[in-house]
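Undergrad: If you scroll down you'll find the structure; I have some questions about it.
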Amino acid sequence: MPFLPDRRAARSALAAASLSLLVLAGCGARDDAAKGGRRGQQGTPEVGYIEIKTATVPLVTELAGRTNAYQISEVRPQVSGIIRKRFFTEGSTVKKGQPLYQIDPSLYRAATNQAAANLSSAQASAEAAKVKADRYAPLAKEQAVAAQDYTDALAASRQASAAVAQNRAALDTAKINLRFTTVPAPITGKIGRSLFTEGALVTNNQTDPLAVISTLDPMYVDIQQSSADLLRLRRALSGGGAVPTKAEVHLKLEDGSDYGYVGSVEFSEATVDTTTGTVTLRARFPTPQGLLLPGMFVRAEFAQASDPNAFLIPQTAVVRDPKGNAQVYIVGPGNKAVLRDVVATRTVGTNWVVTSGLQVGDKVITEGIGKVKADQPVKPVPAGSPQRIGAPQGGKRTGKGG
């Protein structure tokens, strides 16, 4: 039976292969046990914390507003007549007192000359009446003339003096009207289009202005604040929860960009608009580049007061529960992480403003939050401390095989 030796060799090879698999399985089990031992012996996580202190935080408000010119003047004629000439370019900047229009001065020049002649006549009559009264004075004392004649001469002299004053006033009026034939700019600013052309008849009581001048540097921004918000602010100020501050206003333009200049609140209205329920606050802004124009819609950010008892914590320290409520981890007794509810409704820069839920001296965890669980022991270190990497825990592998 020649096949028997081959069968014995096959059985021997099979037994050797099974023994090798068992040895490898044993080594793998020991390796897995060692690794499992290291996973099960995780160390206490190291976290960074900050100690809570009070800070003065501005109570920033963002409101809608409209821009308005600092000054607006409607150019109107003070006398009637035909416009002979226009001296300005529409849309240009004009200076106060600069001539804008010339109204035909012919009639007013003639009236001035007539008033001057009337004044000269009255002055001559007054001089003659005064000489006569002065002459009658000594004669009346000597009873050389009747007392009544002296009285009449003195009255005539006084009437002549009054006539002089009247004619002088008429001459002044005529000169003023003649000066009004040149229409000047009442303020410095940018002038719009001319509503009347050369040759047009204008009157001193017309409803339409000749043109409109606007002063655009600086500019006003009228901000609308609801009376309810203003009432809450005043209650906070009176209750000591906030202190007043000088409001510096920052603007966001219609395209969403920030206006590069800072303004200040000038005043607020003393009454509430009954149609909108708002109070108007007026701020003033410099406009050296002429970027702001009247009627633009803007968003104004400013602080009317500040909270001296607020807490600032980094935004990374705040977590949210499934309902969206703000929470923070603090280092509790026994160096255990405690999850605490807080009120954080607004931000200042990169920090949340916490108004309740924390106390001075609390240690809020700001670093390593991803590896922290509630009531878990932690190793707290001040935030920003260098991280210490220790030797891995668990057993060491001392061999390559089983």
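Chain identifiers are assigned as A, B, and so on, following the order in which chains appear in the structure tokens; residues are numbered from 1 within each chain, and ligands are numbered from 1 in order of appearance.
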Do you know which residues are at most 8 Å from A:Thr197 counting only C-alpha atoms, after dropping those on the same chain fewer than 2 positions away, and could you put them as an NGL selection string?
TA: :A and (83 or 86 or 194-195 or 199-200)
Undergrad: Go through stretch 168-264 of chain A residue by residue and, counting only C-alpha atoms, keep those with an atom at most 9 Å from stretch 114-117 of chain A; for each kept residue give the shortest atom pair and its distance in Å to one decimal, ordered by chain and increasing number, as a tab-separated table.
TA:
residue	atom	partner	partner_atom	distance
A:Arg168	CA	A:Ala115	CA	7.7
A:Ala169	CA	A:Ala115	CA	8.9
A:Ala170	CA	A:Ala115	CA	6.0
A:Leu171	CA	A:Ala115	CA	4.7
A:Asp172	CA	A:Ala115	CA	8.4
A:Thr173	CA	A:Ala115	CA	8.9
A:Ala174	CA	A:Ala115	CA	7.0
Undergrad: For atom CA of A:Ala337 and atom CA of A:Asn351, quote the distance in Å rounded to one decimal.
TA: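 For atom CA of A:Ala337 relative to atom CA of A:Asn351, the distance reads 21.2 Å.
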Undergrad: Quick one: pick out all strand (DSSP E or B) residues within stretch 79-238 of chain A from a backbone DSSP run and write them as JSON, numbers by chain.
TA: {"A": [81, 82, 83, 84, 85, 86, 93, 94, 99, 100, 101, 102, 103, 182, 183, 184, 189, 190, 191, 201, 202, 211, 212, 213, 214, 215, 216, 217, 218, 219, 220, 221, 222, 223, 224, 225, 226]}
Undergrad: Would you mind exporting N, CA, C and O atoms of the selected residues as a compact mmCIF listing (two decimals), in the first residue's frame?
TA:
# COMPACT_ATOMS: atom_id res chain seq x y z
N GLY A 81 -40.00 141.28 -9.96
CA GLY A 81 -39.35 141.76 -11.16
C GLY A 81 -38.96 140.62 -12.08
O GLY A 81 -39.25 139.44 -11.83
N ILE A 82 -38.27 140.96 -13.15
CA ILE A 82 -37.82 140.00 -14.15
C ILE A 82 -36.38 139.59 -13.85
O ILE A 82 -35.53 140.45 -13.58
N ILE A 83 -36.12 138.30 -13.87
CA ILE A 83 -34.76 137.82 -13.66
C ILE A 83 -33.93 138.14 -14.91
O ILE A 83 -34.25 137.70 -16.02
N ARG A 84 -32.87 138.91 -14.71
CA ARG A 84 -32.02 139.28 -15.83
C ARG A 84 -30.83 138.33 -16.00
O ARG A 84 -30.37 138.11 -17.11
N LYS A 85 -30.34 137.76 -14.87
CA LYS A 85 -29.16 136.92 -14.98
C LYS A 85 -29.08 135.95 -13.80
O LYS A 85 -29.53 136.26 -12.70
N ARG A 86 -28.49 134.79 -14.07
CA ARG A 86 -28.19 133.81 -13.02
C ARG A 86 -26.68 133.67 -12.95
O ARG A 86 -26.00 133.49 -13.96
N THR A 93 -21.13 124.25 -5.25
CA THR A 93 -21.10 124.76 -3.88
C THR A 93 -21.02 126.28 -3.91
O THR A 93 -20.17 126.85 -4.60
N VAL A 94 -21.91 126.92 -3.17
CA VAL A 94 -21.95 128.38 -3.12
C VAL A 94 -21.62 128.83 -1.71
O VAL A 94 -21.83 128.10 -0.72
N PRO A 99 -23.67 136.27 -4.85
CA PRO A 99 -24.82 136.60 -5.69
C PRO A 99 -25.27 135.38 -6.50
O PRO A 99 -24.45 134.66 -7.08
N LEU A 100 -26.58 135.17 -6.53
CA LEU A 100 -27.15 134.04 -7.27
C LEU A 100 -27.99 134.49 -8.46
O LEU A 100 -27.89 133.90 -9.54
N TYR A 101 -28.82 135.51 -8.26
CA TYR A 101 -29.69 136.02 -9.32
C TYR A 101 -29.62 137.55 -9.35
O TYR A 101 -29.35 138.19 -8.32
N GLN A 102 -29.90 138.10 -10.53
CA GLN A 102 -30.03 139.54 -10.69
C GLN A 102 -31.42 139.84 -11.23
O GLN A 102 -31.77 139.42 -12.34
N ILE A 103 -32.22 140.52 -10.42
CA ILE A 103 -33.56 140.97 -10.83
C ILE A 103 -33.43 142.38 -11.40
O ILE A 103 -32.63 143.20 -10.92
N THR A 182 -30.39 142.02 -6.22
CA THR A 182 -29.35 140.99 -6.29
C THR A 182 -29.65 139.97 -5.20
O THR A 182 -29.60 140.28 -4.02
N VAL A 183 -29.98 138.73 -5.60
CA VAL A 183 -30.39 137.70 -4.65
C VAL A 183 -29.14 136.94 -4.21
O VAL A 183 -28.52 136.25 -5.03
N PRO A 184 -28.74 137.02 -2.92
CA PRO A 184 -27.53 136.34 -2.46
C PRO A 184 -27.85 134.97 -1.88
O PRO A 184 -29.01 134.63 -1.61
N GLY A 189 -23.32 126.13 1.08
CA GLY A 189 -23.71 124.75 0.85
C GLY A 189 -23.81 124.44 -0.63
O GLY A 189 -23.39 125.24 -1.48
N LYS A 190 -24.38 123.29 -0.92
CA LYS A 190 -24.54 122.85 -2.30
C LYS A 190 -25.92 123.27 -2.78
O LYS A 190 -26.93 122.99 -2.13
N ILE A 191 -25.95 123.95 -3.92
CA ILE A 191 -27.21 124.44 -4.47
C ILE A 191 -27.73 123.47 -5.51
O ILE A 191 -26.96 122.85 -6.26
N LEU A 201 -40.65 136.02 -14.52
CA LEU A 201 -41.16 137.00 -13.58
C LEU A 201 -41.28 136.37 -12.20
O LEU A 201 -41.90 135.31 -12.05
N VAL A 202 -40.70 137.00 -11.20
CA VAL A 202 -40.79 136.51 -9.84
C VAL A 202 -41.41 137.60 -8.97
O VAL A 202 -41.34 138.79 -9.30
N ALA A 211 -34.36 128.43 -5.79
CA ALA A 211 -33.48 127.27 -5.69
C ALA A 211 -33.39 126.89 -4.22
O ALA A 211 -33.88 127.61 -3.34
N VAL A 212 -32.76 125.73 -3.94
CA VAL A 212 -32.60 125.24 -2.57
C VAL A 212 -31.13 124.96 -2.32
O VAL A 212 -30.47 124.30 -3.14
N ILE A 213 -30.62 125.45 -1.19
CA ILE A 213 -29.24 125.23 -0.79
C ILE A 213 -29.23 124.32 0.43
O ILE A 213 -29.99 124.53 1.38
N SER A 214 -28.36 123.32 0.43
CA SER A 214 -28.24 122.37 1.55
C SER A 214 -26.79 122.33 2.03
O SER A 214 -25.87 122.20 1.20
N THR A 215 -26.62 122.42 3.33
CA THR A 215 -25.30 122.24 3.94
C THR A 215 -25.13 120.76 4.27
O THR A 215 -25.87 120.21 5.09
N LEU A 216 -24.16 120.11 3.63
CA LEU A 216 -24.00 118.66 3.74
C LEU A 216 -22.81 118.24 4.59
O LEU A 216 -22.51 117.05 4.68
N ASP A 217 -22.10 119.17 5.17
CA ASP A 217 -20.99 118.84 6.06
C ASP A 217 -21.00 119.82 7.23
O ASP A 217 -20.67 121.00 7.04
N PRO A 218 -21.41 119.34 8.42
CA PRO A 218 -21.78 117.95 8.78
C PRO A 218 -23.19 117.60 8.32
O PRO A 218 -23.86 118.40 7.67
N MET A 219 -23.61 116.37 8.68
CA MET A 219 -24.94 115.89 8.34
C MET A 219 -25.63 115.39 9.62
O MET A 219 -24.99 114.94 10.56
N TYR A 220 -26.96 115.50 9.60
CA TYR A 220 -27.77 114.96 10.69
C TYR A 220 -28.28 113.57 10.30
O TYR A 220 -28.58 113.31 9.12
N VAL A 221 -28.39 112.70 11.29
CA VAL A 221 -29.05 111.41 11.13
C VAL A 221 -30.14 111.32 12.19
O VAL A 221 -29.86 111.35 13.39
N ASP A 222 -31.39 111.25 11.75
CA ASP A 222 -32.53 111.15 12.66
C ASP A 222 -32.85 109.68 12.89
O ASP A 222 -33.17 108.94 11.95
N ILE A 223 -32.74 109.25 14.15
CA ILE A 223 -32.88 107.85 14.54
C ILE A 223 -34.20 107.68 15.28
O ILE A 223 -34.54 108.50 16.14
N GLN A 224 -34.91 106.61 14.95
CA GLN A 224 -36.20 106.34 15.58
C GLN A 224 -36.04 105.23 16.62
O GLN A 224 -35.63 104.13 16.29
N GLN A 225 -36.35 105.55 17.87
CA GLN A 225 -36.30 104.56 18.96
C GLN A 225 -37.69 104.44 19.56
O GLN A 225 -38.36 105.44 19.83
N SER A 226 -38.13 103.20 19.79
CA SER A 226 -39.46 102.99 20.35
C SER A 226 -39.52 103.53 21.77
O SER A 226 -38.54 103.50 22.52
